[in-house]
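Q: First the structure, which I've put down as structure tokens, then a few questions once you've had a look.
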Amino acid sequence: MELQRSMVDGSVCMKDSAKSEISSERTLYPYVTGTSIIGMKYKDGVILASDTAGSYGSTLRYKSVERIKQVGDHTLIGASGEISDFQEIMRYLDELILYDKMWDDGNSLGPKEVHNYLNRIMYNRRNKFNPLWNSLVLGGVKKGQKYLGTVNMIGTHYEDDHLATGFGNHLARPILRSEWREDLTFEEAVKLIEKCLLVLLYRDRSSINKFQIAKITDEGTTIFPPYALKTFWGFSHFQNPSKGAAGTW
Amino acid sequence: MFRNQYDTDVTTWSPAGRLFQVEYAMEAVKQGSAAVGLRSKTHAVLGAVNKAASDLASHQRKLFRADQHVGVAIAGLTADGRVLSRFLRNECINHSFVYESPLPVSRLVVQLADKAQVCTQRSWKRPFGVGLLVAGLDETGAHLYYNCPSGNYFEYQAFAIGSRSQAAKTFLERRFQEYDTYSREDLIKDALFAIKETLQGEKLTAQLCTVAIVGEGEAFHIIDQQTIQEYIDAMELSTGGPDEEADAAAPPSAEAQEGGEGASSEPAPMDI
């Protein structure tokens with residue numbers, strides 16, 4: 001038995017002298033994961049937000065993971081799911097942007113093009129049963145046009161005025177559906193995002209109290225340094241929790 | 001040009017540093033029937049003369065659409081031109097598939113030029129015997145390029161290729177400086193006039209020529225014969241060439257869009 005690397009997709013498999021192959025490397029489950037990403041359009045551009053946690057199963061193992069990154073001049077990408085697959089995606093995208101810049105001809109790939117390129121990659125990997133285990137949010141502005149889209153490990157992709165991944169879909173989107181407006185200022189948008197992030201902090205066990213917000217406008221991109229939100233645990237039900245059951249802890 | 005011992009294959013240089021096979025290929029372009037192209041900031045027009053071999057025959061197609069936003073006019077070996085048009089269509093659709101967005105014209109012509117260059121550096125190939133005028137629109141505006149059999153490409157405000165194209169070029173040289181601000185109608189008129197110049201006295205009719213246009217809000221398409229004939233008639237009414245001062249006989253816009261379909265009743269309120 002010996003290991004052999006495939007020339008086609010780089011996967012490694014066991015091969016024995018009888019020429020039968022037992023594939024031992026394709027994505028089966030994620031290991032270090034990020035939780036929700038929230039994204040929304042606002043008056044001047046697009047905002048993405050996430051926490052900076054990398055969970056190892058149920059352990060909150062890494063607390064300073066940057067899950068929102070810049071892609072070229074016009075796009076931001078936020079990733080949830082397997083962090084190492086996100087790093088691989090960033091290598092693909094950085095290479096794509098590099099070749100685009102090398103043309104140096106006044107044309108450039110905007111967020112819509114990057115989104116579609118990613119979609120092709122995700123869907124093709126899914127078809128080979130070797131997915132990049134991520135749900136991604138892409139936001140950007142090009143020539144005044146705001147763009148916000150999502151794509152995930154099975155290749156599902158769509159655009160909207162506000163988007164989220166994972167738990168964010170269940171906890172943040174309902175808030176956004178009722179309170180989002182086209183003409184939010186940056187400050188109002190941040191307040192709305194923080195409202196969603198707080199709900200996720202309370203209710204998503206994989207989230208931590210360390211958030212990053214990133215915005216992108218026609219002028220450029222800013223990824224703000226991480227910060228924490230104030231939480232409130234003084235609810236009467238949390239006081240003296242063992243009142244009703246003697247001996248419990 | 002006379003035959004010499006350095007012109008047998010494309011991979012032989014002459015002592016003067018020329019590749020004669022490539023130059024002979026460019027000769028083939030000069031023998032083809034004329035094609036013209038001109039552009040403003042927002043529109044690009046292509047025109048070609050198509051004369052049928054006889055009254056019984058149909059004419060050779062010289063204008064090809066590569067995508068919604070770009071098309072080509074060819075002069076020279078039309079079979080080579082057809083093959084290259086298929087290549088252009090393929091490149092455009094591959095880009096659209098991956099990026100959901102039209103391939104920028106400048107990148108398309110580079111890919112075309114690289115393909116032509118390959119044939120100038122392989123001993124078992126010959127250069128393409130066709131010149132292409134590529135007209136298209138992308139986010140940087142309208143563009144017109146000329147791709148040579150040599151693998152060179154140039155951007156132009158206006159150009160003409162093929163037999164008797166010099167007459168058209170002389171006409172275009174006089175007027176190209178204003179083309180950036182020309183309306184689409186004036187561009188079409190000038191294209192027709194440029195084609196007329198190459199006919200050297202023969203009467204211009206819509207049967208003899210084909211004109212295509214691409215521009216903002218307008219996909220690349222060949223303008224129908226009736227509209228072309230109306231433009232030609234309007235040109236003839238004003239004595240000799242199109243005038244800057246728009247004359248009253250401006251051709252009726254036959255491409256009036258169908259009025260928007262009557263607004264349907266309110267859509268049902270969607271449950272979200």
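Residues in the structure tokens are numbered from 1 in each chain, the chains being A, B, ... in the order shown, and ligands are numbered from 1 in the order shown.
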Which residues in stretch 54-243 of chain B does DSSP call strand (DSSP E)? List them as a PyMOL selection string.
A: chain B and resi 63-67+70-76+130-138+141-147+153-155+158-161+209-215+218-222
Q: Select from chain A every residue with an atom at most 9 Å from any atom of chain B, then for each give the shortest pair of atoms and their distance in Å to one decimal, using only C-alpha atoms, rows by chain and rising number, as JSON lines.
A:
{"residue": "A:Trp103", "atom": "CA", "partner": "B:Arg107", "partner_atom": "CA", "distance": 8.1}
{"residue": "A:Asp105", "atom": "CA", "partner": "B:Ser106", "partner_atom": "CA", "distance": 7.6}
{"residue": "A:Gly106", "atom": "CA", "partner": "B:Thr140", "partner_atom": "CA", "distance": 7.0}
{"residue": "A:Asn107", "atom": "CA", "partner": "B:Pro104", "partner_atom": "CA", "distance": 7.0}
{"residue": "A:Leu109", "atom": "CA", "partner": "B:Tyr99", "partner_atom": "CA", "distance": 8.5}
{"residue": "A:Lys112", "atom": "CA", "partner": "B:Glu100", "partner_atom": "CA", "distance": 7.4}
{"residue": "A:Glu113", "atom": "CA", "partner": "B:Tyr99", "partner_atom": "CA", "distance": 4.4}
{"residue": "A:Val114", "atom": "CA", "partner": "B:Tyr99", "partner_atom": "CA", "distance": 6.9}
{"residue": "A:His115", "atom": "CA", "partner": "B:Tyr99", "partner_atom": "CA", "distance": 7.7}
{"residue": "A:Asn116", "atom": "CA", "partner": "B:Tyr99", "partner_atom": "CA", "distance": 5.1}
{"residue": "A:Tyr117", "atom": "CA", "partner": "B:Val98", "partner_atom": "CA", "distance": 5.3}
{"residue": "A:Leu118", "atom": "CA", "partner": "B:Val98", "partner_atom": "CA", "distance": 8.7}
{"residue": "A:Asn119", "atom": "CA", "partner": "B:Val98", "partner_atom": "CA", "distance": 8.5}
{"residue": "A:Arg120", "atom": "CA", "partner": "B:Val98", "partner_atom": "CA", "distance": 6.5}
{"residue": "A:Arg177", "atom": "CA", "partner": "B:Ile272", "partner_atom": "CA", "distance": 8.9}
Q: I need the chosen residues saved as a short mmCIF file (atom, residue, chain, number, x, y, z; two decimals), in the first residue's frame, with N, CA and C atoms.
A:
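Result went into selection.cif, see below:
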data_model
loop_
_atom_site.label_atom_id
_atom_site.label_comp_id
_atom_site.auth_asym_id
_atom_site.auth_seq_id
_atom_site.Cartn_x
_atom_site.Cartn_y
_atom_site.Cartn_z
N TRP A 103 -3.78 42.63 -16.11
CA TRP A 103 -4.23 43.14 -17.40
C TRP A 103 -3.98 44.64 -17.49
N ASP A 105 -5.86 47.25 -17.62
CA ASP A 105 -6.48 47.81 -18.83
C ASP A 105 -7.74 48.61 -18.54
N GLY A 106 -7.92 49.04 -17.30
CA GLY A 106 -9.11 49.83 -17.01
C GLY A 106 -10.33 49.01 -16.68
N ASN A 107 -10.30 47.71 -16.96
CA ASN A 107 -11.41 46.84 -16.57
C ASN A 107 -11.04 46.15 -15.27
N LEU A 109 -12.63 43.17 -12.10
CA LEU A 109 -13.68 42.25 -11.68
C LEU A 109 -14.41 42.87 -10.50
N LYS A 112 -19.96 41.16 -8.40
CA LYS A 112 -20.81 40.19 -9.08
C LYS A 112 -19.99 39.12 -9.78
N GLU A 113 -18.89 39.55 -10.40
CA GLU A 113 -18.05 38.59 -11.11
C GLU A 113 -17.37 37.65 -10.13
N VAL A 114 -16.87 38.22 -9.00
CA VAL A 114 -16.20 37.37 -8.00
C VAL A 114 -17.19 36.36 -7.44
N HIS A 115 -18.42 36.82 -7.19
CA HIS A 115 -19.44 35.93 -6.65
C HIS A 115 -19.70 34.77 -7.59
N ASN A 116 -19.83 35.08 -8.88
CA ASN A 116 -20.12 34.01 -9.81
C ASN A 116 -18.96 33.04 -9.97
N TYR A 117 -17.76 33.58 -9.95
CA TYR A 117 -16.57 32.73 -10.03
C TYR A 117 -16.52 31.77 -8.85
N LEU A 118 -16.80 32.30 -7.66
CA LEU A 118 -16.82 31.46 -6.46
C LEU A 118 -17.89 30.41 -6.55
N ASN A 119 -19.05 30.81 -7.08
CA ASN A 119 -20.14 29.87 -7.21
C ASN A 119 -19.74 28.69 -8.08
N ARG A 120 -19.01 28.97 -9.17
CA ARG A 120 -18.55 27.90 -10.06
C ARG A 120 -17.65 26.96 -9.29
N ARG A 177 -35.48 41.86 8.42
CA ARG A 177 -36.66 41.97 7.57
C ARG A 177 -37.59 43.04 8.08
#
Q: Identify all residues of stretch 94-242 of chain B in alpha helix (DSSP H) (DSSP on the backbone) and supply them as a ChimeraX atom specification.
A: /B:94-99,105-118,165-175,184-199,225-237
Q: Give me the residues near A:Glu159 as a list in words, where near means some atom within 7 Å (using only C-alpha atoms) and where sequence neighbours in that chain fewer than 6 positions away do not count.
A: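 Here the qualifying residues turn out to be Leu148, Gly149 and Thr150 of chain A.
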Q: Provide the atom CA of B:Cys92 to atom CA of B:Gln68 distance in Å, to one decimal place.
A: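 Computing it gives 9.4 Å between the two atoms.
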Q: Give me the residues near A:Leu136 as a PyMOL selection string, where near means some atom within 7 Å (using only C-alpha atoms) and where sequence neighbours in that chain fewer than 4 positions away do not count.
A: chain A and resi 77-80+150-152
Q: Using only C-alpha atoms, which residues sit within 9 Å of A:Ala172 once same-chain residues fewer than 2 positions away are excluded, as a PyMOL selection string?
A: chain A and resi 38+163-164+167-170+174-177+193+195-197+199-200
Q: Would you save the residues from that selection as a short mmCIF file (atom, residue, chain, number, x, y, z; two decimals), in the first residue's frame, using all heavy atoms?
A:
data_model
loop_
_atom_site.label_atom_id
_atom_site.label_comp_id
_atom_site.auth_asym_id
_atom_site.auth_seq_id
_atom_site.Cartn_x
_atom_site.Cartn_y
_atom_site.Cartn_z
N ILE A 38 -23.18 38.28 9.10
CA ILE A 38 -24.35 39.10 8.72
C ILE A 38 -23.89 40.14 7.72
O ILE A 38 -22.82 40.74 7.89
CB ILE A 38 -24.93 39.85 9.95
CG1 ILE A 38 -25.09 38.92 11.13
CG2 ILE A 38 -26.25 40.49 9.59
CD1 ILE A 38 -25.53 39.65 12.36
N LEU A 163 -28.31 39.70 4.20
CA LEU A 163 -28.06 38.25 4.15
C LEU A 163 -27.40 37.81 5.44
O LEU A 163 -26.81 38.62 6.16
CB LEU A 163 -27.13 37.92 3.00
CG LEU A 163 -27.71 38.02 1.60
CD1 LEU A 163 -26.60 37.89 0.58
CD2 LEU A 163 -28.74 36.94 1.37
N ALA A 164 -27.50 36.50 5.72
CA ALA A 164 -26.76 35.95 6.86
C ALA A 164 -26.48 34.50 6.58
O ALA A 164 -27.08 33.88 5.69
CB ALA A 164 -27.57 36.10 8.15
N PHE A 167 -26.68 30.39 11.89
CA PHE A 167 -27.68 30.83 12.86
C PHE A 167 -28.21 32.22 12.53
O PHE A 167 -29.35 32.55 12.88
CB PHE A 167 -27.07 30.85 14.28
CG PHE A 167 -27.41 29.62 15.07
CD1 PHE A 167 -26.66 28.46 14.91
CD2 PHE A 167 -28.47 29.62 15.96
CE1 PHE A 167 -26.98 27.32 15.62
CE2 PHE A 167 -28.79 28.49 16.68
CZ PHE A 167 -28.05 27.33 16.51
N GLY A 168 -27.41 33.00 11.88
CA GLY A 168 -27.84 34.34 11.51
C GLY A 168 -29.11 34.32 10.69
O GLY A 168 -29.94 35.23 10.77
N ASN A 169 -29.28 33.27 9.86
CA ASN A 169 -30.50 33.18 9.06
C ASN A 169 -31.73 33.12 9.94
O ASN A 169 -32.78 33.68 9.61
CB ASN A 169 -30.46 31.92 8.19
CG ASN A 169 -29.77 32.18 6.87
OD1 ASN A 169 -30.13 33.14 6.19
ND2 ASN A 169 -28.81 31.37 6.52
N HIS A 170 -31.61 32.43 11.07
CA HIS A 170 -32.79 32.24 11.91
C HIS A 170 -32.98 33.35 12.92
O HIS A 170 -34.10 33.67 13.30
CB HIS A 170 -32.67 30.91 12.66
CG HIS A 170 -32.56 29.75 11.71
ND1 HIS A 170 -31.38 29.13 11.42
CD2 HIS A 170 -33.51 29.13 10.96
CE1 HIS A 170 -31.58 28.17 10.54
NE2 HIS A 170 -32.87 28.15 10.24
N PRO A 174 -34.83 37.80 10.66
CA PRO A 174 -36.15 38.35 11.01
C PRO A 174 -36.06 39.79 11.50
O PRO A 174 -36.92 40.61 11.17
CB PRO A 174 -36.63 37.42 12.13
CG PRO A 174 -35.87 36.16 11.92
CD PRO A 174 -34.55 36.55 11.38
N ILE A 175 -35.01 40.09 12.28
CA ILE A 175 -34.83 41.48 12.72
C ILE A 175 -34.61 42.38 11.50
O ILE A 175 -35.19 43.46 11.38
CB ILE A 175 -33.62 41.58 13.68
CG1 ILE A 175 -33.83 40.67 14.88
CG2 ILE A 175 -33.40 43.03 14.11
CD1 ILE A 175 -32.67 40.64 15.83
N LEU A 176 -33.76 41.93 10.59
CA LEU A 176 -33.46 42.75 9.42
C LEU A 176 -34.68 42.92 8.54
O LEU A 176 -34.93 43.99 7.99
CB LEU A 176 -32.31 42.12 8.63
CG LEU A 176 -30.96 42.11 9.36
CD1 LEU A 176 -29.96 41.24 8.64
CD2 LEU A 176 -30.44 43.51 9.50
N ARG A 177 -35.48 41.86 8.42
CA ARG A 177 -36.66 41.97 7.57
C ARG A 177 -37.59 43.04 8.08
O ARG A 177 -38.26 43.73 7.30
CB ARG A 177 -37.41 40.64 7.50
CG ARG A 177 -36.78 39.67 6.54
CD ARG A 177 -37.61 38.42 6.39
NE ARG A 177 -36.75 37.34 5.93
CZ ARG A 177 -36.45 36.26 6.61
NH1 ARG A 177 -36.95 36.06 7.81
NH2 ARG A 177 -35.64 35.36 6.10
N ILE A 193 -27.00 46.26 13.04
CA ILE A 193 -26.13 45.08 13.03
C ILE A 193 -25.81 44.64 14.46
O ILE A 193 -25.84 43.45 14.78
CB ILE A 193 -24.83 45.40 12.26
CG1 ILE A 193 -25.08 45.43 10.77
CG2 ILE A 193 -23.73 44.43 12.62
CD1 ILE A 193 -24.61 44.23 10.03
N LYS A 195 -27.58 45.05 17.04
CA LYS A 195 -28.77 44.41 17.61
C LYS A 195 -28.77 42.93 17.23
O LYS A 195 -29.04 42.06 18.07
CB LYS A 195 -30.00 45.12 17.06
CG LYS A 195 -31.28 44.75 17.71
CD LYS A 195 -32.38 45.73 17.28
CE LYS A 195 -33.69 45.32 17.94
NZ LYS A 195 -34.80 46.18 17.56
N CYS A 196 -28.47 42.65 15.94
CA CYS A 196 -28.44 41.25 15.49
C CYS A 196 -27.31 40.48 16.14
O CYS A 196 -27.48 39.33 16.58
CB CYS A 196 -28.27 41.20 13.97
SG CYS A 196 -29.61 41.99 13.07
N LEU A 197 -26.12 41.12 16.23
CA LEU A 197 -24.96 40.43 16.80
C LEU A 197 -25.22 40.07 18.26
O LEU A 197 -24.80 39.01 18.74
CB LEU A 197 -23.72 41.33 16.70
CG LEU A 197 -23.14 41.52 15.31
CD1 LEU A 197 -22.02 42.56 15.33
CD2 LEU A 197 -22.61 40.22 14.74
N VAL A 199 -28.14 39.40 19.70
CA VAL A 199 -29.03 38.23 19.76
C VAL A 199 -28.24 36.95 19.50
O VAL A 199 -28.41 35.93 20.19
CB VAL A 199 -30.17 38.37 18.73
CG1 VAL A 199 -30.97 37.10 18.65
CG2 VAL A 199 -31.05 39.54 19.08
N LEU A 200 -27.33 37.04 18.53
CA LEU A 200 -26.52 35.85 18.21
C LEU A 200 -25.61 35.52 19.38
O LEU A 200 -25.39 34.34 19.71
CB LEU A 200 -25.70 36.10 16.95
CG LEU A 200 -26.49 36.05 15.66
CD1 LEU A 200 -25.67 36.56 14.50
CD2 LEU A 200 -26.96 34.65 15.37
#
Q: Just the residues within 12 Å of B:Arg65, please, counting only C-alpha atoms, with nothing from its chain fewer than 6 positions along; format it as JSON, numbers by chain.
A: {"B": [46, 71, 72, 73, 74, 82, 84, 85, 86, 87, 88, 89, 90, 92, 93, 133, 134, 135, 136, 211, 212, 213, 214, 219, 220, 221, 222]}
Q: Expressed in Å to a single decimal, how great is the separation between atom CA of A:Gln239 and atom CA of A:Ser207?
A: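 Interatomic distance, atom CA of A:Gln239 to atom CA of A:Ser207: 23.5 Å.
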Q: Find the residues around B:Thr11 up to 9 Å (only C-alpha atoms counted), leave out those fewer than 6 positions away in its own chain, and share them as a PyMOL selection string.
A: chain B and resi 19+21+120-123
